[in-house]
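Just run21.tsv here, TSV, N, CA and C atoms and all ligand atoms:
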chain	number	residue	atom	x	y	z
A	1	MET	N	9.68	-14.28	-2.83
A	1	MET	CA	8.54	-13.70	-3.53
A	1	MET	C	7.36	-13.47	-2.60
A	2	LYS	N	7.47	-13.86	-1.34
A	2	LYS	CA	6.32	-13.78	-0.45
A	2	LYS	C	5.78	-12.36	-0.29
A	3	ASN	N	6.70	-11.39	-0.23
A	3	ASN	CA	6.27	-10.02	0.02
A	3	ASN	C	5.91	-9.28	-1.27
A	4	LYS	N	6.09	-9.94	-2.38
A	4	LYS	CA	5.84	-9.26	-3.64
A	4	LYS	C	4.37	-9.35	-4.00
A	5	GLY	N	3.86	-8.22	-4.46
A	5	GLY	CA	2.46	-8.18	-4.84
A	5	GLY	C	2.28	-8.44	-6.31
A	6	LYS	N	1.03	-8.30	-6.72
A	6	LYS	CA	0.66	-8.53	-8.12
A	6	LYS	C	1.39	-7.56	-9.04
A	7	LYS	N	1.50	-6.30	-8.61
A	7	LYS	CA	2.11	-5.27	-9.45
A	7	LYS	C	3.54	-5.66	-9.79
A	8	PHE	N	4.24	-6.24	-8.83
A	8	PHE	CA	5.63	-6.62	-9.05
A	8	PHE	C	5.72	-7.65	-10.16
A	9	ILE	N	4.85	-8.65	-10.08
A	9	ILE	CA	4.87	-9.74	-11.07
A	9	ILE	C	4.53	-9.18	-12.45
A	10	VAL	N	3.49	-8.35	-12.52
A	10	VAL	CA	3.09	-7.74	-13.80
A	10	VAL	C	4.23	-6.87	-14.32
A	11	GLY	N	4.87	-6.11	-13.43
A	11	GLY	CA	5.96	-5.23	-13.81
A	11	GLY	C	7.12	-6.00	-14.40
A	12	VAL	N	7.50	-7.09	-13.74
A	12	VAL	CA	8.62	-7.90	-14.24
A	12	VAL	C	8.25	-8.50	-15.59
A	13	THR	N	7.01	-8.96	-15.71
A	13	THR	CA	6.55	-9.55	-16.97
A	13	THR	C	6.65	-8.52	-18.09
A	14	LEU	N	6.21	-7.29	-17.83
A	14	LEU	CA	6.28	-6.23	-18.84
A	14	LEU	C	7.72	-5.97	-19.25
A	15	CYS	N	8.62	-5.93	-18.27
A	15	CYS	CA	10.04	-5.70	-18.57
A	15	CYS	C	10.57	-6.79	-19.48
A	16	VAL	N	10.24	-8.04	-19.14
A	16	VAL	CA	10.74	-9.18	-19.93
A	16	VAL	C	10.21	-9.09	-21.35
A	17	VAL	N	8.91	-8.80	-21.47
A	17	VAL	CA	8.30	-8.70	-22.81
A	17	VAL	C	8.97	-7.57	-23.59
A	18	GLY	N	9.23	-6.45	-22.90
A	18	GLY	CA	9.89	-5.32	-23.54
A	18	GLY	C	11.28	-5.67	-24.02
A	19	ILE	N	12.03	-6.40	-23.20
A	19	ILE	CA	13.39	-6.79	-23.57
A	19	ILE	C	13.36	-7.75	-24.76
A	20	ILE	N	12.39	-8.65	-24.73
A	20	ILE	CA	12.26	-9.58	-25.88
A	20	ILE	C	11.96	-8.76	-27.14
A	21	GLY	N	11.11	-7.73	-26.96
A	21	GLY	CA	10.79	-6.85	-28.08
A	21	GLY	C	12.03	-6.18	-28.64
A	22	LEU	N	12.95	-5.79	-27.76
A	22	LEU	CA	14.19	-5.14	-28.20
A	22	LEU	C	15.01	-6.06	-29.09
A	23	PHE	N	14.97	-7.36	-28.79
A	23	PHE	CA	15.72	-8.31	-29.62
A	23	PHE	C	15.17	-8.31	-31.05
A	24	GLY	N	13.87	-8.02	-31.14
A	24	GLY	CA	13.25	-7.95	-32.46
A	24	GLY	C	13.88	-6.88	-33.34
A	25	LEU	N	14.57	-5.92	-32.71
A	25	LEU	CA	15.19	-4.84	-33.47
A	25	LEU	C	16.30	-5.35	-34.38
A	26	PHE	N	16.87	-6.48	-34.02
A	26	PHE	CA	17.95	-7.04	-34.85
A	26	PHE	C	17.40	-7.60	-36.14
A	27	ALA	N	16.12	-7.90	-36.13
A	27	ALA	CA	15.51	-8.40	-37.35
A	27	ALA	C	15.30	-7.24	-38.32
A	28	GLU	N	15.36	-7.53	-39.55
A	28	GLU	CA	15.17	-6.49	-40.56
A	28	GLU	C	13.67	-6.30	-40.80
A	29	THR	N	13.12	-5.36	-40.05
A	29	THR	CA	11.69	-5.07	-40.27
A	29	THR	C	11.52	-3.60	-40.57
A	30	GLU	N	10.42	-3.27	-41.17
A	30	GLU	CA	10.16	-1.87	-41.50
A	30	GLU	C	9.60	-1.11	-40.31
A	31	SER	N	9.15	-1.87	-39.31
A	31	SER	CA	8.49	-1.21	-38.17
A	31	SER	C	9.42	-1.13	-36.95
A	32	ARG	N	10.72	-0.93	-37.24
A	32	ARG	CA	11.70	-0.87	-36.14
A	32	ARG	C	11.37	0.22	-35.13
A	33	ALA	N	11.00	1.41	-35.62
A	33	ALA	CA	10.73	2.53	-34.73
A	33	ALA	C	9.58	2.18	-33.79
A	34	ALA	N	8.53	1.60	-34.36
A	34	ALA	CA	7.37	1.24	-33.55
A	34	ALA	C	7.76	0.16	-32.53
A	35	LEU	N	8.58	-0.77	-32.98
A	35	LEU	CA	9.03	-1.86	-32.11
A	35	LEU	C	9.85	-1.30	-30.94
A	36	LEU	N	10.74	-0.37	-31.27
A	36	LEU	CA	11.58	0.25	-30.23
A	36	LEU	C	10.71	1.01	-29.24
A	37	ALA	N	9.78	1.82	-29.76
A	37	ALA	CA	8.91	2.60	-28.89
A	37	ALA	C	8.08	1.68	-28.00
A	38	GLY	N	7.52	0.64	-28.61
A	38	GLY	CA	6.69	-0.31	-27.84
A	38	GLY	C	7.48	-0.97	-26.74
A	39	SER	N	8.70	-1.40	-27.08
A	39	SER	CA	9.53	-2.10	-26.10
A	39	SER	C	9.90	-1.17	-24.95
A	40	VAL	N	10.27	0.06	-25.30
A	40	VAL	CA	10.68	1.02	-24.27
A	40	VAL	C	9.50	1.32	-23.35
A	41	VAL	N	8.31	1.50	-23.95
A	41	VAL	CA	7.11	1.78	-23.14
A	41	VAL	C	6.85	0.61	-22.18
A	42	LEU	N	6.97	-0.61	-22.68
A	42	LEU	CA	6.72	-1.79	-21.85
A	42	LEU	C	7.72	-1.85	-20.69
A	43	ILE	N	8.99	-1.60	-21.00
A	43	ILE	CA	10.02	-1.69	-19.96
A	43	ILE	C	9.80	-0.59	-18.92
A	44	VAL	N	9.52	0.62	-19.38
A	44	VAL	CA	9.29	1.73	-18.44
A	44	VAL	C	8.07	1.44	-17.58
A	45	ALA	N	6.99	0.97	-18.22
A	45	ALA	CA	5.78	0.65	-17.46
A	45	ALA	C	6.07	-0.43	-16.42
A	46	GLY	N	6.88	-1.41	-16.83
A	46	GLY	CA	7.24	-2.50	-15.92
A	46	GLY	C	8.02	-1.99	-14.73
A	47	ILE	N	8.99	-1.10	-15.00
A	47	ILE	CA	9.82	-0.55	-13.92
A	47	ILE	C	8.95	0.26	-12.97
A	48	VAL	N	8.02	1.06	-13.55
A	48	VAL	CA	7.14	1.87	-12.72
A	48	VAL	C	6.30	0.97	-11.81
A	49	LEU	N	5.78	-0.11	-12.37
A	49	LEU	CA	4.95	-1.03	-11.58
A	49	LEU	C	5.75	-1.66	-10.45
A	50	VAL	N	6.98	-2.08	-10.76
A	50	VAL	CA	7.83	-2.68	-9.73
A	50	VAL	C	8.10	-1.67	-8.62
A	51	PHE	N	8.37	-0.42	-9.06
A	51	PHE	CA	8.64	0.64	-8.10
A	51	PHE	C	7.40	0.90	-7.23
A	52	LEU	N	6.24	0.96	-7.87
A	52	LEU	CA	4.99	1.21	-7.13
A	52	LEU	C	4.73	0.08	-6.14
A	53	ASP	N	5.06	-1.13	-6.55
A	53	ASP	CA	4.82	-2.27	-5.66
A	53	ASP	C	5.68	-2.16	-4.41
A	54	LYS	N	6.91	-1.67	-4.58
A	54	LYS	CA	7.80	-1.49	-3.44
A	54	LYS	C	7.23	-0.46	-2.49
A	55	LYS	N	6.70	0.63	-3.08
A	55	LYS	CA	6.21	1.73	-2.28
A	55	LYS	C	4.83	1.44	-1.68
A	56	TYR	N	3.97	0.88	-2.51
A	56	TYR	CA	2.61	0.58	-2.05
A	56	TYR	C	2.29	-0.87	-2.35
A	57	PRO	N	2.75	-1.79	-1.53
A	57	PRO	CA	2.50	-3.20	-1.82
A	57	PRO	C	1.00	-3.46	-1.91
A	58	SER	N	0.60	-4.18	-2.95
A	58	SER	CA	-0.82	-4.43	-3.12
A	58	SER	C	-1.31	-5.44	-2.09
A	59	LYS	N	-0.40	-6.27	-1.59
A	59	LYS	CA	-0.80	-7.24	-0.57
A	59	LYS	C	0.07	-7.05	0.66
A	60	PRO	N	-0.32	-6.16	1.55
A	60	PRO	CA	0.50	-5.98	2.75
A	60	PRO	C	0.56	-7.27	3.55
A	61	LYS	N	1.72	-7.51	4.12
A	61	LYS	CA	1.89	-8.72	4.91
A	61	LYS	C	0.90	-8.71	6.06
A	62	ALA	N	0.18	-9.79	6.20
A	62	ALA	CA	-0.84	-9.86	7.24
A	62	ALA	C	-0.20	-9.83	8.62
A	63	GLU	N	-0.61	-8.89	9.41
A	63	GLU	CA	-0.13	-8.84	10.78
A	63	GLU	C	-1.18	-9.46	11.67
A	64	SER	N	-0.93	-9.43	12.96
A	64	SER	CA	-1.94	-9.97	13.85
A	64	SER	C	-3.18	-9.10	13.75
A	65	GLY	N	-4.31	-9.67	14.00
A	65	GLY	CA	-5.56	-8.93	13.87
A	65	GLY	C	-6.25	-9.30	12.57
A	66	SER	N	-7.48	-8.89	12.46
A	66	SER	CA	-8.27	-9.27	11.30
A	66	SER	C	-7.89	-8.44	10.09
A	67	ALA	N	-8.37	-8.86	8.94
A	67	ALA	CA	-8.13	-8.12	7.71
A	67	ALA	C	-8.77	-6.74	7.82
A	68	GLU	N	-9.87	-6.70	8.52
A	68	GLU	CA	-10.57	-5.43	8.71
A	68	GLU	C	-9.69	-4.46	9.48
A	69	ASP	N	-8.98	-4.97	10.46
A	69	ASP	CA	-8.07	-4.14	11.25
A	69	ASP	C	-6.95	-3.57	10.38
A	70	ALA	N	-6.49	-4.37	9.45
A	70	ALA	CA	-5.38	-3.94	8.61
A	70	ALA	C	-5.83	-2.85	7.64
A	71	LYS	N	-7.12	-2.90	7.28
A	71	LYS	CA	-7.65	-1.91	6.33
A	71	LYS	C	-8.02	-0.61	7.03
A	72	THR	N	-8.30	-0.72	8.33
A	72	THR	CA	-8.74	0.45	9.06
A	72	THR	C	-7.54	1.21	9.59
A	73	TYR	N	-7.54	2.50	9.40
A	73	TYR	CA	-6.44	3.32	9.89
A	73	TYR	C	-6.89	4.14	11.09
A	74	VAL	N	-6.00	4.25	12.03
A	74	VAL	CA	-6.28	5.04	13.23
A	74	VAL	C	-5.11	5.98	13.47
A	75	PHE	N	-5.27	6.83	14.43
A	75	PHE	CA	-4.23	7.83	14.72
A	75	PHE	C	-3.68	7.58	16.12
A	76	ILE	N	-2.35	7.56	16.21
A	76	ILE	CA	-1.73	7.39	17.51
A	76	ILE	C	-0.78	8.56	17.76
A	77	THR	N	-0.52	8.82	19.01
A	77	THR	CA	0.43	9.87	19.36
A	77	THR	C	1.61	9.23	20.09
A	78	GLU	N	2.74	9.91	20.04
A	78	GLU	CA	3.96	9.38	20.65
A	78	GLU	C	3.78	9.09	22.13
A	79	ASN	N	3.15	10.03	22.82
A	79	ASN	CA	3.08	9.93	24.28
A	79	ASN	C	1.85	9.17	24.78
A	80	GLY	N	0.78	9.28	24.03
A	80	GLY	CA	-0.46	8.67	24.48
A	80	GLY	C	-0.46	7.16	24.36
A	81	LYS	N	-1.43	6.54	24.99
A	81	LYS	CA	-1.57	5.09	24.90
A	81	LYS	C	-2.93	4.74	24.30
A	82	LYS	N	-3.55	5.75	23.69
A	82	LYS	CA	-4.86	5.54	23.07
A	82	LYS	C	-4.73	5.71	21.58
A	83	TYR	N	-5.50	4.93	20.83
A	83	TYR	CA	-5.59	5.21	19.40
A	83	TYR	C	-6.90	5.91	19.10
A	84	HIS	N	-6.84	6.78	18.12
A	84	HIS	CA	-7.99	7.61	17.79
A	84	HIS	C	-8.49	7.28	16.41
A	85	VAL	N	-9.79	7.18	16.28
A	85	VAL	CA	-10.36	6.93	14.96
A	85	VAL	C	-10.76	8.25	14.31
A	86	ASP	N	-10.86	9.27	15.11
A	86	ASP	CA	-11.26	10.58	14.60
A	86	ASP	C	-10.04	11.49	14.53
A	87	PRO	N	-9.63	11.89	13.31
A	87	PRO	CA	-8.45	12.75	13.20
A	87	PRO	C	-8.66	14.12	13.85
A	88	ASP	N	-9.92	14.45	14.14
A	88	ASP	CA	-10.21	15.74	14.76
A	88	ASP	C	-10.43	15.61	16.26
A	89	CYS	N	-10.08	14.46	16.79
A	89	CYS	CA	-10.27	14.26	18.23
A	89	CYS	C	-9.47	15.31	19.00
A	90	PRO	N	-10.09	15.90	20.04
A	90	PRO	CA	-9.37	16.94	20.79
A	90	PRO	C	-8.08	16.40	21.41
A	91	GLY	N	-7.05	17.20	21.35
A	91	GLY	CA	-5.80	16.84	22.00
A	91	GLY	C	-5.02	15.76	21.31
A	92	ILE	N	-5.29	15.55	20.02
A	92	ILE	CA	-4.62	14.48	19.30
A	92	ILE	C	-3.20	14.91	18.91
A	93	GLY	N	-2.99	16.22	18.73
A	93	GLY	CA	-1.65	16.74	18.48
A	93	GLY	C	-0.99	16.19	17.24
A	94	ASN	N	0.28	15.79	17.37
A	94	ASN	CA	1.04	15.28	16.24
A	94	ASN	C	0.78	13.80	16.05
A	95	ALA	N	-0.38	13.50	15.53
A	95	ALA	CA	-0.76	12.09	15.44
A	95	ALA	C	-0.16	11.44	14.20
A	96	LYS	N	0.09	10.15	14.33
A	96	LYS	CA	0.64	9.36	13.24
A	96	LYS	C	-0.46	8.40	12.78
A	97	ARG	N	-0.60	8.23	11.47
A	97	ARG	CA	-1.65	7.37	10.94
A	97	ARG	C	-1.07	5.96	10.77
A	98	VAL	N	-1.68	5.01	11.43
A	98	VAL	CA	-1.19	3.63	11.36
A	98	VAL	C	-2.39	2.69	11.21
A	99	PRO	N	-2.15	1.47	10.70
A	99	PRO	CA	-3.25	0.51	10.65
A	99	PRO	C	-3.70	0.14	12.06
A	100	LEU	N	-5.00	-0.11	12.19
A	100	LEU	CA	-5.55	-0.47	13.50
A	100	LEU	C	-4.84	-1.68	14.09
A	101	SER	N	-4.50	-2.64	13.21
A	101	SER	CA	-3.84	-3.85	13.70
A	101	SER	C	-2.51	-3.52	14.37
A	102	LYS	N	-1.79	-2.54	13.80
A	102	LYS	CA	-0.49	-2.15	14.34
A	102	LYS	C	-0.67	-1.46	15.69
A	103	ALA	N	-1.69	-0.58	15.75
A	103	ALA	CA	-1.95	0.14	17.00
A	103	ALA	C	-2.27	-0.85	18.12
A	104	LYS	N	-3.09	-1.86	17.78
A	104	LYS	CA	-3.47	-2.87	18.78
A	104	LYS	C	-2.25	-3.66	19.23
A	105	LYS	N	-1.41	-3.99	18.25
A	105	LYS	CA	-0.21	-4.78	18.52
A	105	LYS	C	0.72	-4.04	19.47
A	106	GLN	N	0.75	-2.72	19.31
A	106	GLN	CA	1.65	-1.92	20.14
A	106	GLN	C	1.02	-1.55	21.48
A	107	GLY	N	-0.14	-2.12	21.76
A	107	GLY	CA	-0.75	-1.95	23.08
A	107	GLY	C	-1.62	-0.72	23.22
A	108	TYR	N	-1.96	-0.08	22.12
A	108	TYR	CA	-2.84	1.08	22.20
A	108	TYR	C	-4.27	0.60	22.43
A	109	THR	N	-5.00	1.38	23.20
A	109	THR	CA	-6.40	1.07	23.44
A	109	THR	C	-7.26	2.18	22.85
A	110	PRO	N	-8.53	1.87	22.52
A	110	PRO	CA	-9.35	2.88	21.86
A	110	PRO	C	-9.63	4.08	22.74
A	111	CYS	N	-9.61	5.24	22.12
A	111	CYS	CA	-9.95	6.47	22.82
A	111	CYS	C	-11.46	6.53	22.96
A	112	SER	N	-11.92	6.74	24.18
A	112	SER	CA	-13.36	6.71	24.41
A	112	SER	C	-14.05	7.95	23.84
A	113	LYS	N	-13.27	9.02	23.66
A	113	LYS	CA	-13.89	10.27	23.17
A	113	LYS	C	-14.35	10.14	21.72
A	114	CYS	N	-13.54	9.53	20.89
A	114	CYS	CA	-13.92	9.50	19.48
A	114	CYS	C	-14.40	8.12	19.03
A	115	GLN	N	-14.34	7.14	19.89
A	115	GLN	CA	-14.76	5.81	19.46
A	115	GLN	C	-16.25	5.75	19.16
A	116	TYR	N	-17.02	6.48	19.94
A	116	TYR	CA	-18.46	6.42	19.79
A	116	TYR	C	-18.89	6.94	18.42
A	117	SER	N	-18.31	8.08	18.02
A	117	SER	CA	-18.70	8.65	16.73
A	117	SER	C	-18.26	7.73	15.59
A	118	TYR	N	-17.13	7.08	15.78
A	118	TYR	CA	-16.64	6.14	14.77
A	118	TYR	C	-17.62	4.99	14.60
A	119	MET	N	-18.06	4.44	15.72
A	119	MET	CA	-18.99	3.31	15.66
A	119	MET	C	-20.28	3.71	14.95
A	120	ASN	N	-20.73	4.92	15.22
A	120	ASN	CA	-21.92	5.40	14.55
A	120	ASN	C	-21.71	5.50	13.04
A	121	ASN	N	-20.54	6.03	12.66
A	121	ASN	CA	-20.23	6.20	11.24
A	121	ASN	C	-20.21	4.88	10.50
A	122	PHE	N	-19.66	3.86	11.14
A	122	PHE	CA	-19.47	2.60	10.45
A	122	PHE	C	-20.54	1.57	10.79
A	123	GLY	N	-21.50	1.99	11.59
A	123	GLY	CA	-22.60	1.11	11.92
A	123	GLY	C	-22.21	-0.10	12.75
A	124	ILE	N	-21.14	0.06	13.54
A	124	ILE	CA	-20.70	-1.05	14.39
A	124	ILE	C	-21.40	-0.93	15.74
A	125	LYS	N	-21.90	-2.07	16.26
A	125	LYS	CA	-22.58	-1.99	17.54
A	125	LYS	C	-21.78	-2.70	18.63
B	201	ZN	ZN	-9.82	10.25	20.41
Could you write out this structure as structure tokens?
Ligand SMILES: [Zn+2]
Amino acid sequence: MKNKGKKFIVGVTLCVVGIIGLFGLFAETESRAALLAGSVVLIVAGIVLVFLDKKYPSKPKAESGSAEDAKTYVFITENGKKYHVDPDCPGIGNAKRVPLSKAKKQGYTPCSKCQYSYMNNFGIK
């Protein structure tokens, strides 16, 4: 469960509640249609949440570097050894967007051309 985020837990809970709701269908109630619709909606919502969690984990596994690094995205190129904070940096070419922590981990160093404007934008001194 370590890699699972909040969405996954909520999604599974919704599925379970929906399935329990389906069991209610065996009972003789007048609101069977509503019960069925409610249960199906819960299960579908749960599956969607679980799917979303797989695709966009709400809690990415902490890599080396600060939390700020993990939140900050930079651009790297296959051949270069610099990471760029400015997507419009000259000569960036086919850049890939990665978390700053990952770029640092892979040995990329900041590009001096666009680092200055980045620092200005974010008020970092
Ligand atoms: Zn640059």
Could you pull out the residues sitting within 8 Å of ligand ZN 201 (chain B), using only N, CA and C atoms and all ligand atoms, and write them as a PyMOL selection string? chain A and resi 75+82-92+110-115
Closest of A:Lys55, A:Gly11, A:Lys102, A:Ile47 to Val74 (chain A) - atom-to-atom distances counting only C-alpha atoms: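 Smallest distance to Val74 (chain A) is found for A:Lys102.
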Exercise: Gly24 (chain A) partners within 10 Å, only C-alpha atoms, chain neighbours under 5 positions left out, as a list in words: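 In the requested form, the answer reads Gly18, Ile19, Thr29, Arg32, Leu35, Leu36 and Ser39 of chain A.
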Would you write out those residues with N, CA and C atoms, as a PDB file, in the coordinates of the input?
ATOM      1  N   GLY A  18       9.230  -6.450 -22.900  1.00  0.00           N
ATOM      2  CA  GLY A  18       9.890  -5.320 -23.540  1.00  0.00           C
ATOM      3  C   GLY A  18      11.280  -5.670 -24.020  1.00  0.00           C
ATOM      4  N   ILE A  19      12.030  -6.400 -23.200  1.00  0.00           N
ATOM      5  CA  ILE A  19      13.390  -6.790 -23.570  1.00  0.00           C
ATOM      6  C   ILE A  19      13.360  -7.750 -24.760  1.00  0.00           C
ATOM      7  N   THR A  29      13.120  -5.360 -40.050  1.00  0.00           N
ATOM      8  CA  THR A  29      11.690  -5.070 -40.270  1.00  0.00           C
ATOM      9  C   THR A  29      11.520  -3.600 -40.570  1.00  0.00           C
ATOM     10  N   ARG A  32      10.720  -0.930 -37.240  1.00  0.00           N
ATOM     11  CA  ARG A  32      11.700  -0.870 -36.140  1.00  0.00           C
ATOM     12  C   ARG A  32      11.370   0.220 -35.130  1.00  0.00           C
ATOM     13  N   LEU A  35       8.580  -0.770 -32.980  1.00  0.00           N
ATOM     14  CA  LEU A  35       9.030  -1.860 -32.110  1.00  0.00           C
ATOM     15  C   LEU A  35       9.850  -1.300 -30.940  1.00  0.00           C
ATOM     16  N   LEU A  36      10.740  -0.370 -31.270  1.00  0.00           N
ATOM     17  CA  LEU A  36      11.580   0.250 -30.230  1.00  0.00           C
ATOM     18  C   LEU A  36      10.710   1.010 -29.240  1.00  0.00           C
ATOM     19  N   SER A  39       8.700  -1.400 -27.080  1.00  0.00           N
ATOM     20  CA  SER A  39       9.530  -2.100 -26.100  1.00  0.00           C
ATOM     21  C   SER A  39       9.900  -1.170 -24.950  1.00  0.00           C
TER      22      SER A  39
END
Neighbourhood query: residues within 5 Å of (-2.1, 8.8, 14.7), file coordinates, counting all atoms listed in the file; return as a list in words. Val74, Phe75, Ile76, Thr77, Ala95, Lys96 and Arg97 of chain A
For the residues selected in the previous step, produce a file with N, CA and C atoms as a JSON list (two decimals), keeping the file's coordinate frame.
[["chain", "number", "residue", "atom", "x", "y", "z"],
["A", 74, "VAL", "N", -6.00, 4.25, 12.03],
["A", 74, "VAL", "CA", -6.28, 5.04, 13.23],
["A", 74, "VAL", "C", -5.11, 5.98, 13.47],
["A", 75, "PHE", "N", -5.27, 6.83, 14.43],
["A", 75, "PHE", "CA", -4.23, 7.83, 14.72],
["A", 75, "PHE", "C", -3.68, 7.58, 16.12],
["A", 76, "ILE", "N", -2.35, 7.56, 16.21],
["A", 76, "ILE", "CA", -1.73, 7.39, 17.51],
["A", 76, "ILE", "C", -0.78, 8.56, 17.76],
["A", 77, "THR", "N", -0.52, 8.82, 19.01],
["A", 77, "THR", "CA", 0.43, 9.87, 19.36],
["A", 77, "THR", "C", 1.61, 9.23, 20.09],
["A", 95, "ALA", "N", -0.38, 13.50, 15.53],
["A", 95, "ALA", "CA", -0.76, 12.09, 15.44],
["A", 95, "ALA", "C", -0.16, 11.44, 14.20],
["A", 96, "LYS", "N", 0.09, 10.15, 14.33],
["A", 96, "LYS", "CA", 0.64, 9.36, 13.24],
["A", 96, "LYS", "C", -0.46, 8.40, 12.78],
["A", 97, "ARG", "N", -0.60, 8.23, 11.47],
["A", 97, "ARG", "CA", -1.65, 7.37, 10.94],
["A", 97, "ARG", "C", -1.07, 5.96, 10.77]]
Taking all atoms listed in the file into account, which of A:Leu14, A:Gly5, A:Leu22, A:Ala67 comes nearest Ile43 (chain A)?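 Going through A:Leu14, A:Gly5, A:Leu22, A:Ala67 one by one, the smallest distance to Ile43 (chain A) is for A:Leu14.
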Point-to-point distance from CA of Lys6 (chain A) to atom C of Val44 (chain A), Å rounded to tenths: 15.6 Å
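The gap separating CA of Ile9 (chain A) from CA of Phe23 (chain A) is 21.5 Å, in Å to one decimal.
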Straight-line distance linking CA of Val12 (chain A) with atom N of Lys71 (chain A), stated in Å to one decimal: 27.1 Å
Please write as a VMD selection string the list of polymer residues whose atoms come within 6 Å of (-3.6, -0.2, 7.6), counting all atoms listed in the file and keeping to the coordinates of the file. chain A and resid 69 to 73 98 to 100
Pick from A:Lys81, A:Val16, A:Val40, A:Asn94, whichever lies nearest to Gln106 (chain A) using only C-alpha atoms: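 Closest residue, counting only C-alpha atoms: A:Lys81.
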Within region 6-83 of chain A, find each residue whose DSSP state, derived from the backbone, is strand (DSSP E), and express the selection as a ChimeraX atom specification. /A:73-76,82-83
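Residue nearest Thr13 (chain A) within the list A:Lys54, A:Gly46, A:Gly93, A:Gly80: A:Gly46 [criterion: smallest interatomic distance, all atoms listed in the file].
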Would you mind putting back all heavy atoms on region 75-80 of chain A, then writing it out as a PDB file, in the frame of the given file?
ATOM      1  N   PHE A  75      -5.270   6.830  14.430  1.00  0.00           N
ATOM      2  CA  PHE A  75      -4.230   7.830  14.720  1.00  0.00           C
ATOM      3  C   PHE A  75      -3.680   7.580  16.120  1.00  0.00           C
ATOM      4  O   PHE A  75      -4.433   7.406  17.069  1.00  0.00           O
ATOM      5  CB  PHE A  75      -4.818   9.234  14.609  1.00  0.00           C
ATOM      6  CG  PHE A  75      -5.348   9.519  13.231  1.00  0.00           C
ATOM      7  CD1 PHE A  75      -6.647   9.177  12.889  1.00  0.00           C
ATOM      8  CD2 PHE A  75      -4.527  10.082  12.272  1.00  0.00           C
ATOM      9  CE1 PHE A  75      -7.130   9.405  11.607  1.00  0.00           C
ATOM     10  CE2 PHE A  75      -5.001  10.313  10.991  1.00  0.00           C
ATOM     11  CZ  PHE A  75      -6.305   9.967  10.659  1.00  0.00           C
ATOM     12  N   ILE A  76      -2.350   7.560  16.210  1.00  0.00           N
ATOM     13  CA  ILE A  76      -1.730   7.390  17.510  1.00  0.00           C
ATOM     14  C   ILE A  76      -0.780   8.560  17.760  1.00  0.00           C
ATOM     15  O   ILE A  76      -0.290   9.177  16.810  1.00  0.00           O
ATOM     16  CB  ILE A  76      -0.957   6.048  17.636  1.00  0.00           C
ATOM     17  CG1 ILE A  76       0.103   5.930  16.532  1.00  0.00           C
ATOM     18  CG2 ILE A  76      -1.917   4.875  17.609  1.00  0.00           C
ATOM     19  CD1 ILE A  76       1.067   4.793  16.759  1.00  0.00           C
ATOM     20  N   THR A  77      -0.520   8.820  19.010  1.00  0.00           N
ATOM     21  CA  THR A  77       0.430   9.870  19.360  1.00  0.00           C
ATOM     22  C   THR A  77       1.610   9.230  20.090  1.00  0.00           C
ATOM     23  O   THR A  77       1.478   8.144  20.653  1.00  0.00           O
ATOM     24  CB  THR A  77      -0.226  10.929  20.270  1.00  0.00           C
ATOM     25  OG1 THR A  77      -0.828  10.264  21.380  1.00  0.00           O
ATOM     26  CG2 THR A  77      -1.294  11.705  19.525  1.00  0.00           C
ATOM     27  N   GLU A  78       2.740   9.910  20.040  1.00  0.00           N
ATOM     28  CA  GLU A  78       3.960   9.380  20.650  1.00  0.00           C
ATOM     29  C   GLU A  78       3.780   9.090  22.130  1.00  0.00           C
ATOM     30  O   GLU A  78       4.203   8.065  22.633  1.00  0.00           O
ATOM     31  CB  GLU A  78       5.110  10.377  20.464  1.00  0.00           C
ATOM     32  CG  GLU A  78       5.648  10.428  19.044  1.00  0.00           C
ATOM     33  CD  GLU A  78       6.390   9.155  18.654  1.00  0.00           C
ATOM     34  OE1 GLU A  78       7.117   8.614  19.500  1.00  0.00           O
ATOM     35  OE2 GLU A  78       6.232   8.707  17.505  1.00  0.00           O
ATOM     36  N   ASN A  79       3.150  10.030  22.820  1.00  0.00           N
ATOM     37  CA  ASN A  79       3.080   9.930  24.280  1.00  0.00           C
ATOM     38  C   ASN A  79       1.850   9.170  24.780  1.00  0.00           C
ATOM     39  O   ASN A  79       1.902   8.539  25.824  1.00  0.00           O
ATOM     40  CB  ASN A  79       3.084  11.326  24.902  1.00  0.00           C
ATOM     41  CG  ASN A  79       4.313  12.111  24.480  1.00  0.00           C
ATOM     42  OD1 ASN A  79       5.404  11.554  24.384  1.00  0.00           O
ATOM     43  ND2 ASN A  79       4.131  13.391  24.211  1.00  0.00           N
ATOM     44  N   GLY A  80       0.780   9.280  24.030  1.00  0.00           N
ATOM     45  CA  GLY A  80      -0.460   8.670  24.480  1.00  0.00           C
ATOM     46  C   GLY A  80      -0.460   7.160  24.360  1.00  0.00           C
ATOM     47  O   GLY A  80       0.401   6.559  23.737  1.00  0.00           O
TER      48      GLY A  80
END
